[in-house]
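What's in upload.cif: mmCIF, N, CA and C atoms, pLDDT in the B column; chains and numbers go by the auth columns
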```cif
data_query
loop_
_atom_site.group_PDB
_atom_site.id
_atom_site.type_symbol
_atom_site.label_atom_id
_atom_site.label_comp_id
_atom_site.label_asym_id
_atom_site.label_seq_id
_atom_site.Cartn_x
_atom_site.Cartn_y
_atom_site.Cartn_z
_atom_site.B_iso_or_equiv
_atom_site.auth_seq_id
_atom_site.auth_asym_id
ATOM 1 N N MET A 1 84.420 114.787 86.770 93.00 1466 A
ATOM 2 C CA MET A 1 85.685 114.110 86.893 93.00 1466 A
ATOM 3 C C MET A 1 86.436 114.223 85.562 93.00 1466 A
ATOM 4 N N ILE A 2 87.726 114.362 85.653 94.00 1467 A
ATOM 5 C CA ILE A 2 88.557 114.452 84.453 94.00 1467 A
ATOM 6 C C ILE A 2 89.264 113.114 84.258 94.00 1467 A
ATOM 7 N N LEU A 3 89.053 112.536 83.075 96.00 1468 A
ATOM 8 C CA LEU A 3 89.647 111.251 82.709 96.00 1468 A
ATOM 9 C C LEU A 3 90.559 111.453 81.507 96.00 1468 A
ATOM 10 N N THR A 4 91.403 110.486 81.213 97.00 1469 A
ATOM 11 C CA THR A 4 92.289 110.582 80.051 97.00 1469 A
ATOM 12 C C THR A 4 92.162 109.335 79.187 97.00 1469 A
ATOM 13 N N ARG A 5 92.392 109.531 77.903 97.00 1470 A
ATOM 14 C CA ARG A 5 92.498 108.422 76.956 97.00 1470 A
ATOM 15 C C ARG A 5 93.973 108.088 76.790 97.00 1470 A
ATOM 16 N N PRO A 6 94.279 106.881 76.328 97.00 1471 A
ATOM 17 C CA PRO A 6 95.688 106.521 76.086 97.00 1471 A
ATOM 18 C C PRO A 6 96.391 107.486 75.122 97.00 1471 A
ATOM 19 N N SER A 7 95.664 108.013 74.147 97.00 1472 A
ATOM 20 C CA SER A 7 96.274 108.958 73.203 97.00 1472 A
ATOM 21 C C SER A 7 96.760 110.219 73.926 97.00 1472 A
ATOM 22 N N TYR A 8 96.030 110.651 74.939 97.00 1473 A
ATOM 23 C CA TYR A 8 96.453 111.808 75.740 97.00 1473 A
ATOM 24 C C TYR A 8 97.699 111.451 76.542 97.00 1473 A
ATOM 25 N N ASP A 9 97.670 110.303 77.196 98.00 1474 A
ATOM 26 C CA ASP A 9 98.811 109.892 78.011 98.00 1474 A
ATOM 27 C C ASP A 9 100.093 109.805 77.195 98.00 1474 A
ATOM 28 N N ARG A 10 99.996 109.233 75.986 97.00 1475 A
ATOM 29 C CA ARG A 10 101.179 109.128 75.110 97.00 1475 A
ATOM 30 C C ARG A 10 101.702 110.509 74.723 97.00 1475 A
ATOM 31 N N ALA A 11 100.803 111.402 74.322 97.00 1476 A
ATOM 32 C CA ALA A 11 101.220 112.747 73.907 97.00 1476 A
ATOM 33 C C ALA A 11 101.791 113.526 75.091 97.00 1476 A
ATOM 34 N N PHE A 12 101.184 113.370 76.263 98.00 1477 A
ATOM 35 C CA PHE A 12 101.646 114.079 77.459 98.00 1477 A
ATOM 36 C C PHE A 12 103.071 113.671 77.818 98.00 1477 A
ATOM 37 N N LYS A 13 103.385 112.382 77.720 98.00 1478 A
ATOM 38 C CA LYS A 13 104.724 111.884 78.068 98.00 1478 A
ATOM 39 C C LYS A 13 105.803 112.445 77.156 98.00 1478 A
ATOM 40 N N LYS A 14 105.438 112.864 75.951 97.00 1479 A
ATOM 41 C CA LYS A 14 106.410 113.419 75.007 97.00 1479 A
ATOM 42 C C LYS A 14 106.752 114.879 75.297 97.00 1479 A
ATOM 43 N N LEU A 15 105.987 115.532 76.160 97.00 1480 A
ATOM 44 C CA LEU A 15 106.218 116.939 76.477 97.00 1480 A
ATOM 45 C C LEU A 15 107.376 117.090 77.454 97.00 1480 A
ATOM 46 N N SER A 16 107.986 118.268 77.444 97.00 1481 A
ATOM 47 C CA SER A 16 109.035 118.561 78.421 97.00 1481 A
ATOM 48 C C SER A 16 108.396 118.714 79.805 97.00 1481 A
ATOM 49 N N ALA A 17 109.218 118.678 80.832 97.00 1482 A
ATOM 50 C CA ALA A 17 108.707 118.827 82.200 97.00 1482 A
ATOM 51 C C ALA A 17 107.998 120.172 82.376 97.00 1482 A
ATOM 52 N N GLN A 18 108.543 121.215 81.776 96.00 1483 A
ATOM 53 C CA GLN A 18 107.919 122.546 81.870 96.00 1483 A
ATOM 54 C C GLN A 18 106.553 122.545 81.171 96.00 1483 A
ATOM 55 N N GLN A 19 106.483 121.938 80.000 96.00 1484 A
ATOM 56 C CA GLN A 19 105.210 121.861 79.285 96.00 1484 A
ATOM 57 C C GLN A 19 104.193 121.032 80.069 96.00 1484 A
ATOM 58 N N GLN A 20 104.633 119.930 80.651 97.00 1485 A
ATOM 59 C CA GLN A 20 103.734 119.096 81.446 97.00 1485 A
ATOM 60 C C GLN A 20 103.163 119.878 82.623 97.00 1485 A
ATOM 61 N N SER A 21 103.990 120.696 83.238 97.00 1486 A
ATOM 62 C CA SER A 21 103.535 121.522 84.348 97.00 1486 A
ATOM 63 C C SER A 21 102.463 122.512 83.895 97.00 1486 A
ATOM 64 N N ARG A 22 102.700 123.149 82.747 95.00 1487 A
ATOM 65 C CA ARG A 22 101.714 124.098 82.210 95.00 1487 A
ATOM 66 C C ARG A 22 100.404 123.398 81.872 95.00 1487 A
ATOM 67 N N VAL A 23 100.503 122.206 81.298 96.00 1488 A
ATOM 68 C CA VAL A 23 99.305 121.443 80.953 96.00 1488 A
ATOM 69 C C VAL A 23 98.537 121.072 82.222 96.00 1488 A
ATOM 70 N N ASN A 24 99.239 120.576 83.231 96.00 1489 A
ATOM 71 C CA ASN A 24 98.568 120.202 84.480 96.00 1489 A
ATOM 72 C C ASN A 24 97.865 121.394 85.120 96.00 1489 A
ATOM 73 N N HIS A 25 98.495 122.552 85.062 94.00 1490 A
ATOM 74 C CA HIS A 25 97.876 123.770 85.609 94.00 1490 A
ATOM 75 C C HIS A 25 96.605 124.110 84.834 94.00 1490 A
ATOM 76 N N ALA A 26 96.657 124.044 83.518 93.00 1491 A
ATOM 77 C CA ALA A 26 95.486 124.352 82.692 93.00 1491 A
ATOM 78 C C ALA A 26 94.373 123.332 82.918 93.00 1491 A
ATOM 79 N N VAL A 27 94.727 122.061 83.037 94.00 1492 A
ATOM 80 C CA VAL A 27 93.725 121.016 83.278 94.00 1492 A
ATOM 81 C C VAL A 27 93.025 121.266 84.612 94.00 1492 A
ATOM 82 N N GLY A 28 93.772 121.734 85.593 92.00 1493 A
ATOM 83 C CA GLY A 28 93.182 122.063 86.888 92.00 1493 A
ATOM 84 C C GLY A 28 92.148 123.172 86.806 92.00 1493 A
ATOM 85 N N ARG A 29 92.268 124.013 85.814 89.00 1494 A
ATOM 86 C CA ARG A 29 91.318 125.120 85.623 89.00 1494 A
ATOM 87 C C ARG A 29 90.145 124.738 84.728 89.00 1494 A
ATOM 88 N N LEU A 30 90.217 123.577 84.064 90.00 1495 A
ATOM 89 C CA LEU A 30 89.187 123.192 83.103 90.00 1495 A
ATOM 90 C C LEU A 30 87.834 122.928 83.753 90.00 1495 A
ATOM 91 N N GLU A 31 87.801 122.064 84.743 86.00 1496 A
ATOM 92 C CA GLU A 31 86.519 121.657 85.323 86.00 1496 A
ATOM 93 C C GLU A 31 85.709 122.834 85.865 86.00 1496 A
ATOM 94 N N PRO A 32 86.317 123.761 86.611 84.00 1497 A
ATOM 95 C CA PRO A 32 85.522 124.904 87.085 84.00 1497 A
ATOM 96 C C PRO A 32 85.057 125.828 85.953 84.00 1497 A
ATOM 97 N N ALA A 33 85.790 125.867 84.840 81.00 1498 A
ATOM 98 C CA ALA A 33 85.450 126.783 83.743 81.00 1498 A
ATOM 99 C C ALA A 33 84.433 126.193 82.769 81.00 1498 A
ATOM 100 N N PHE A 34 84.401 124.876 82.618 82.00 1499 A
ATOM 101 C CA PHE A 34 83.533 124.266 81.616 82.00 1499 A
ATOM 102 C C PHE A 34 82.068 124.501 81.991 82.00 1499 A
ATOM 103 N N GLY A 35 81.318 125.036 81.033 77.00 1500 A
ATOM 104 C CA GLY A 35 79.917 125.336 81.255 77.00 1500 A
ATOM 105 C C GLY A 35 79.680 126.704 81.864 77.00 1500 A
ATOM 106 N N ARG A 36 80.725 127.467 82.071 73.00 1501 A
ATOM 107 C CA ARG A 36 80.623 128.821 82.609 73.00 1501 A
ATOM 108 C C ARG A 36 81.332 129.772 81.645 73.00 1501 A
ATOM 109 N N PRO A 37 80.606 130.259 80.646 67.00 1502 A
ATOM 110 C CA PRO A 37 81.230 131.028 79.560 67.00 1502 A
ATOM 111 C C PRO A 37 82.103 132.198 80.003 67.00 1502 A
ATOM 112 N N HIS A 38 81.772 132.859 81.097 60.00 1503 A
ATOM 113 C CA HIS A 38 82.594 133.996 81.506 60.00 1503 A
ATOM 114 C C HIS A 38 83.970 133.562 82.010 60.00 1503 A
ATOM 115 N N LEU A 39 84.148 132.300 82.351 53.00 1504 A
ATOM 116 C CA LEU A 39 85.458 131.792 82.768 53.00 1504 A
ATOM 117 C C LEU A 39 86.251 131.182 81.611 53.00 1504 A
ATOM 118 N N HIS A 40 85.580 130.922 80.492 50.00 1505 A
ATOM 119 C CA HIS A 40 86.242 130.295 79.333 50.00 1505 A
ATOM 120 C C HIS A 40 87.409 131.118 78.820 50.00 1505 A
ATOM 121 N N ALA A 41 87.288 132.420 78.871 59.00 1506 A
ATOM 122 C CA ALA A 41 88.314 133.284 78.275 59.00 1506 A
ATOM 123 C C ALA A 41 89.693 133.021 78.874 59.00 1506 A
ATOM 124 N N GLY A 42 89.761 132.689 80.139 70.00 1507 A
ATOM 125 C CA GLY A 42 91.041 132.473 80.798 70.00 1507 A
ATOM 126 C C GLY A 42 91.822 131.299 80.251 70.00 1507 A
ATOM 127 N N ILE A 43 91.137 130.291 79.721 81.00 1508 A
ATOM 128 C CA ILE A 43 91.832 129.113 79.189 81.00 1508 A
ATOM 129 C C ILE A 43 91.591 128.933 77.694 81.00 1508 A
ATOM 130 N N GLY A 44 90.880 129.857 77.094 85.00 1509 A
ATOM 131 C CA GLY A 44 90.660 129.799 75.650 85.00 1509 A
ATOM 132 C C GLY A 44 89.812 128.618 75.223 85.00 1509 A
ATOM 133 N N LEU A 45 88.849 128.249 76.021 87.00 1510 A
ATOM 134 C CA LEU A 45 87.994 127.108 75.730 87.00 1510 A
ATOM 135 C C LEU A 45 87.076 127.407 74.558 87.00 1510 A
ATOM 136 N N ARG A 46 87.066 126.471 73.585 87.00 1511 A
ATOM 137 C CA ARG A 46 86.190 126.649 72.429 87.00 1511 A
ATOM 138 C C ARG A 46 85.910 125.303 71.777 87.00 1511 A
ATOM 139 N N PRO A 47 84.779 125.213 71.071 89.00 1512 A
ATOM 140 C CA PRO A 47 84.500 123.973 70.337 89.00 1512 A
ATOM 141 C C PRO A 47 85.469 123.823 69.167 89.00 1512 A
ATOM 142 N N PHE A 48 85.817 122.586 68.853 85.00 1513 A
ATOM 143 C CA PHE A 48 86.743 122.297 67.750 85.00 1513 A
ATOM 144 C C PHE A 48 86.275 120.995 67.117 85.00 1513 A
ATOM 145 N N GLY A 49 85.437 121.101 66.097 84.00 1514 A
ATOM 146 C CA GLY A 49 84.851 119.912 65.493 84.00 1514 A
ATOM 147 C C GLY A 49 83.944 119.231 66.492 84.00 1514 A
ATOM 148 N N LYS A 50 84.093 117.924 66.656 89.00 1515 A
ATOM 149 C CA LYS A 50 83.277 117.209 67.636 89.00 1515 A
ATOM 150 C C LYS A 50 83.905 117.237 69.028 89.00 1515 A
ATOM 151 N N PHE A 51 85.025 117.948 69.161 94.00 1516 A
ATOM 152 C CA PHE A 51 85.757 118.064 70.415 94.00 1516 A
ATOM 153 C C PHE A 51 85.639 119.482 70.966 94.00 1516 A
ATOM 154 N N PHE A 52 86.265 119.684 72.118 93.00 1517 A
ATOM 155 C CA PHE A 52 86.512 121.013 72.659 93.00 1517 A
ATOM 156 C C PHE A 52 88.014 121.140 72.817 93.00 1517 A
ATOM 157 N N GLU A 53 88.486 122.381 72.765 93.00 1518 A
ATOM 158 C CA GLU A 53 89.915 122.655 72.866 93.00 1518 A
ATOM 159 C C GLU A 53 90.112 123.742 73.908 93.00 1518 A
ATOM 160 N N PHE A 54 91.184 123.652 74.681 93.00 1519 A
ATOM 161 C CA PHE A 54 91.585 124.752 75.550 93.00 1519 A
ATOM 162 C C PHE A 54 93.107 124.839 75.546 93.00 1519 A
ATOM 163 N N ARG A 55 93.615 125.970 76.033 92.00 1520 A
ATOM 164 C CA ARG A 55 95.039 126.262 75.907 92.00 1520 A
ATOM 165 C C ARG A 55 95.790 126.080 77.223 92.00 1520 A
ATOM 166 N N ALA A 56 97.048 125.710 77.071 93.00 1521 A
ATOM 167 C CA ALA A 56 98.000 125.701 78.181 93.00 1521 A
ATOM 168 C C ALA A 56 99.167 126.579 77.744 93.00 1521 A
ATOM 169 N N GLY A 57 98.879 127.821 77.433 89.00 1522 A
ATOM 170 C CA GLY A 57 99.863 128.743 76.879 89.00 1522 A
ATOM 171 C C GLY A 57 99.605 128.928 75.395 89.00 1522 A
ATOM 172 N N LEU A 58 100.434 129.712 74.763 88.00 1523 A
ATOM 173 C CA LEU A 58 100.232 130.015 73.348 88.00 1523 A
ATOM 174 C C LEU A 58 100.534 128.831 72.431 88.00 1523 A
ATOM 175 N N ASP A 59 101.438 127.965 72.856 90.00 1524 A
ATOM 176 C CA ASP A 59 101.884 126.895 71.958 90.00 1524 A
ATOM 177 C C ASP A 59 101.277 125.524 72.250 90.00 1524 A
ATOM 178 N N LEU A 60 100.560 125.358 73.341 95.00 1525 A
ATOM 179 C CA LEU A 60 100.011 124.049 73.690 95.00 1525 A
ATOM 180 C C LEU A 60 98.497 124.087 73.778 95.00 1525 A
ATOM 181 N N ARG A 61 97.883 123.075 73.211 96.00 1526 A
ATOM 182 C CA ARG A 61 96.432 122.949 73.233 96.00 1526 A
ATOM 183 C C ARG A 61 96.066 121.554 73.711 96.00 1526 A
ATOM 184 N N ILE A 62 94.936 121.479 74.385 97.00 1527 A
ATOM 185 C CA ILE A 62 94.450 120.208 74.908 97.00 1527 A
ATOM 186 C C ILE A 62 93.068 119.972 74.320 97.00 1527 A
ATOM 187 N N LEU A 63 92.862 118.784 73.801 97.00 1528 A
ATOM 188 C CA LEU A 63 91.597 118.408 73.185 97.00 1528 A
ATOM 189 C C LEU A 63 90.856 117.479 74.149 97.00 1528 A
ATOM 190 N N PHE A 64 89.536 117.720 74.315 96.00 1529 A
ATOM 191 C CA PHE A 64 88.751 116.862 75.194 96.00 1529 A
ATOM 192 C C PHE A 64 87.324 116.740 74.690 96.00 1529 A
ATOM 193 N N VAL A 65 86.611 115.764 75.257 96.00 1530 A
ATOM 194 C CA VAL A 65 85.190 115.577 74.979 96.00 1530 A
ATOM 195 C C VAL A 65 84.467 115.429 76.312 96.00 1530 A
ATOM 196 N N PRO A 66 83.297 116.052 76.427 93.00 1531 A
ATOM 197 C CA PRO A 66 82.473 115.781 77.612 93.00 1531 A
ATOM 198 C C PRO A 66 81.682 114.494 77.370 93.00 1531 A
ATOM 199 N N PHE A 67 81.569 113.666 78.405 93.00 1532 A
ATOM 200 C CA PHE A 67 80.825 112.411 78.261 93.00 1532 A
ATOM 201 C C PHE A 67 80.239 112.022 79.621 93.00 1532 A
ATOM 202 N N ALA A 68 78.934 111.963 79.667 93.00 1533 A
ATOM 203 C CA ALA A 68 78.212 111.511 80.866 93.00 1533 A
ATOM 204 C C ALA A 68 78.655 112.253 82.130 93.00 1533 A
ATOM 205 N N GLY A 69 78.825 113.551 82.028 89.00 1534 A
ATOM 206 C CA GLY A 69 79.221 114.360 83.171 89.00 1534 A
ATOM 207 C C GLY A 69 80.713 114.416 83.433 89.00 1534 A
ATOM 208 N N ASP A 70 81.489 113.623 82.709 94.00 1535 A
ATOM 209 C CA ASP A 70 82.941 113.637 82.850 94.00 1535 A
ATOM 210 C C ASP A 70 83.561 114.410 81.689 94.00 1535 A
ATOM 211 N N LEU A 71 84.797 114.817 81.868 95.00 1536 A
ATOM 212 C CA LEU A 71 85.564 115.458 80.804 95.00 1536 A
ATOM 213 C C LEU A 71 86.725 114.520 80.478 95.00 1536 A
ATOM 214 N N ILE A 72 86.778 114.078 79.231 97.00 1537 A
ATOM 215 C CA ILE A 72 87.785 113.099 78.828 97.00 1537 A
ATOM 216 C C ILE A 72 88.838 113.782 77.959 97.00 1537 A
ATOM 217 N N LEU A 73 90.065 113.848 78.469 98.00 1538 A
ATOM 218 C CA LEU A 73 91.175 114.444 77.726 98.00 1538 A
ATOM 219 C C LEU A 73 91.592 113.472 76.639 98.00 1538 A
ATOM 220 N N VAL A 74 91.657 113.970 75.405 98.00 1539 A
ATOM 221 C CA VAL A 74 91.904 113.112 74.244 98.00 1539 A
ATOM 222 C C VAL A 74 93.347 113.186 73.773 98.00 1539 A
ATOM 223 N N THR A 75 93.891 114.392 73.664 98.00 1540 A
ATOM 224 C CA THR A 75 95.294 114.551 73.264 98.00 1540 A
ATOM 225 C C THR A 75 95.762 115.949 73.657 98.00 1540 A
ATOM 226 N N VAL A 76 97.056 116.149 73.572 98.00 1541 A
ATOM 227 C CA VAL A 76 97.675 117.437 73.877 98.00 1541 A
ATOM 228 C C VAL A 76 98.824 117.648 72.895 98.00 1541 A
ATOM 229 N N GLY A 77 99.013 118.882 72.479 97.00 1542 A
ATOM 230 C CA GLY A 77 100.108 119.198 71.563 97.00 1542 A
ATOM 231 C C GLY A 77 99.960 120.594 71.001 97.00 1542 A
ATOM 232 N N ASN A 78 100.788 120.899 70.014 95.00 1543 A
ATOM 233 C CA ASN A 78 100.705 122.206 69.380 95.00 1543 A
ATOM 234 C C ASN A 78 99.523 122.239 68.403 95.00 1543 A
ATOM 235 N N HIS A 79 99.319 123.381 67.807 91.00 1544 A
ATOM 236 C CA HIS A 79 98.177 123.577 66.913 91.00 1544 A
ATOM 237 C C HIS A 79 98.172 122.547 65.777 91.00 1544 A
ATOM 238 N N ASP A 80 99.327 122.313 65.174 94.00 1545 A
ATOM 239 C CA ASP A 80 99.413 121.362 64.065 94.00 1545 A
ATOM 240 C C ASP A 80 99.074 119.935 64.509 94.00 1545 A
ATOM 241 N N HIS A 81 99.558 119.537 65.680 94.00 1546 A
ATOM 242 C CA HIS A 81 99.245 118.201 66.205 94.00 1546 A
ATOM 243 C C HIS A 81 97.738 118.041 66.396 94.00 1546 A
ATOM 244 N N ILE A 82 97.102 119.039 66.953 92.00 1547 A
ATOM 245 C CA ILE A 82 95.659 118.975 67.205 92.00 1547 A
ATOM 246 C C ILE A 82 94.899 118.883 65.876 92.00 1547 A
ATOM 247 N N ARG A 83 95.286 119.676 64.895 90.00 1548 A
ATOM 248 C CA ARG A 83 94.616 119.616 63.583 90.00 1548 A
ATOM 249 C C ARG A 83 94.768 118.246 62.939 90.00 1548 A
ATOM 250 N N ARG A 84 95.984 117.692 62.992 92.00 1549 A
ATOM 251 C CA ARG A 84 96.211 116.355 62.422 92.00 1549 A
ATOM 252 C C ARG A 84 95.370 115.307 63.138 92.00 1549 A
ATOM 253 N N PHE A 85 95.293 115.417 64.454 91.00 1550 A
ATOM 254 C CA PHE A 85 94.522 114.451 65.221 91.00 1550 A
ATOM 255 C C PHE A 85 93.044 114.509 64.854 91.00 1550 A
ATOM 256 N N VAL A 86 92.498 115.700 64.725 89.00 1551 A
ATOM 257 C CA VAL A 86 91.080 115.858 64.407 89.00 1551 A
ATOM 258 C C VAL A 86 90.782 115.360 62.995 89.00 1551 A
ATOM 259 N N LYS A 87 91.694 115.621 62.061 88.00 1552 A
ATOM 260 C CA LYS A 87 91.462 115.212 60.667 88.00 1552 A
ATOM 261 C C LYS A 87 91.629 113.717 60.456 88.00 1552 A
ATOM 262 N N GLY A 88 92.440 113.071 61.275 79.00 1553 A
ATOM 263 C CA GLY A 88 92.689 111.699 60.914 79.00 1553 A
ATOM 264 C C GLY A 88 92.733 110.731 61.996 79.00 1553 A
#
```
Just dump the structure as structure tokens.
Amino acid sequence: MILTRPSYDRAFKKLSAQQQSRVNHAVGRLEPAFGRPHLHAGIGLRPFGKFFEFRAGLDLRILFVPFAGDLILVTVGNHDHIRRFVKG
């Protein structure tokens, strides 16, 4: 199951409608790809510190953590936003 944290919800609301659509499409591809390395390439899934990151296009990244069989979306934004979030 895919869950969200409030930090994800806040960041998602700041995106344009087009960006939100791209993110929703990428999130829909996350669950089938997670744990199946040959499918990771399509969404650019990779570890990022204590999190995992995947892409919703070249400019948008989504940060998540797996927990007890669920995938918890933590935040979404550009590369700089994700780096700032992880560092602080």
Given only C-alpha atoms as the basis, pick out the residue of A:Leu1480, A:Val1530, A:Val1551, A:Val1539 nearest to Phe1517 in chain A.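 When distances to Phe1517 in chain A are compared using only C-alpha atoms, the smallest one comes from A:Val1530.
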Residues returned when the PyMOL selection byres ((chain A and resi 1525) around 7) runs on this file, as a list of chain:residue names: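 Output of the PyMOL selection byres ((chain A and resi 1525) around 7): A:Phe1519, A:Arg1520, A:Ala1521, A:Gly1522, A:Leu1523, A:Asp1524, A:Arg1526, A:Ile1527, A:Val1541, A:Gly1542, A:Asn1543, A:His1544.
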Which value, in Å to one decimal, gives the distance between CA of Leu1538 in chain A and CA of Thr1469 in chain A?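 The value is 4.6 Å.
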Extract the full set of helix (DSSP H, G or I) residues from chain A according to DSSP on the backbone, and format it as a VMD selection string. chain A and resid 1471 to 1478 1482 to 1498 1502 to 1505 1544 to 1552
List the neighbours of Leu1468 in chain A out to 6.5 Å using all atoms listed in the file; skip same-chain residues closer than 6 positions along the sequence, and give me the result as JSON, numbers by chain. {"A": [1535, 1536, 1537, 1538]}
Give me a file of those residues, with N, CA and C atoms, as a PDB file, keeping the file's coordinate frame.
```pdb
ATOM      1  N   ASP A1535      81.489 113.623  82.709  1.00 94.00           N
ATOM      2  CA  ASP A1535      82.941 113.637  82.850  1.00 94.00           C
ATOM      3  C   ASP A1535      83.561 114.410  81.689  1.00 94.00           C
ATOM      4  N   LEU A1536      84.797 114.817  81.868  1.00 95.00           N
ATOM      5  CA  LEU A1536      85.564 115.458  80.804  1.00 95.00           C
ATOM      6  C   LEU A1536      86.725 114.520  80.478  1.00 95.00           C
ATOM      7  N   ILE A1537      86.778 114.078  79.231  1.00 97.00           N
ATOM      8  CA  ILE A1537      87.785 113.099  78.828  1.00 97.00           C
ATOM      9  C   ILE A1537      88.838 113.782  77.959  1.00 97.00           C
ATOM     10  N   LEU A1538      90.065 113.848  78.469  1.00 98.00           N
ATOM     11  CA  LEU A1538      91.175 114.444  77.726  1.00 98.00           C
ATOM     12  C   LEU A1538      91.592 113.472  76.639  1.00 98.00           C
TER      13      LEU A1538
END
```
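Each of A:Asp1474, A:Leu1495, A:Lys1479, A:Ser1486 was compared to Leu1510 in chain A using only C-alpha atoms, and A:Leu1495 turns out to be the nearest.
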Those of chain A in DSSP strand (DSSP E or B), formatted as a list of chain:residue names: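 Restricting chain A to strand (DSSP E or B) produces A:Ile1467, A:Leu1468, A:Thr1469, A:Arg1511, A:Pro1512, A:Phe1513, A:Phe1516, A:Phe1517, A:Glu1518, A:Phe1519, A:Arg1520, A:Arg1526, A:Ile1527, A:Leu1528, A:Phe1529, A:Val1530, A:Pro1531, A:Phe1532, A:Asp1535, A:Leu1536, A:Ile1537, A:Leu1538, A:Val1539, A:Thr1540, A:Val1541, A:Gly1542.
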Between atom C of Ala1491 in chain A and atom N of Lys1478 in chain A - distance in Å to one decimal: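 Distance reported for this atom pair: 15.1 Å.
The coordinates place CA of Ala1482 in chain A at 29.1 Å from CA of Gly1514 in chain A.
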Ranking A:Ser1481, A:Phe1513, A:Met1466, A:Arg1475 by minimum distance to Pro1497 in chain A and counting only C-alpha atoms, which one comes first? A:Met1466
Where is the centre and how long are the edges: axis-aligned box on range 1480-1497 of chain A, 4 Å on each side, Å to one decimal, as lines of an AutoDock Vina configuration file:
```
center_x = 97.1
center_y = 120.7
center_z = 81.6
size_x = 32.2
size_y = 18.3
size_z = 18.9
```
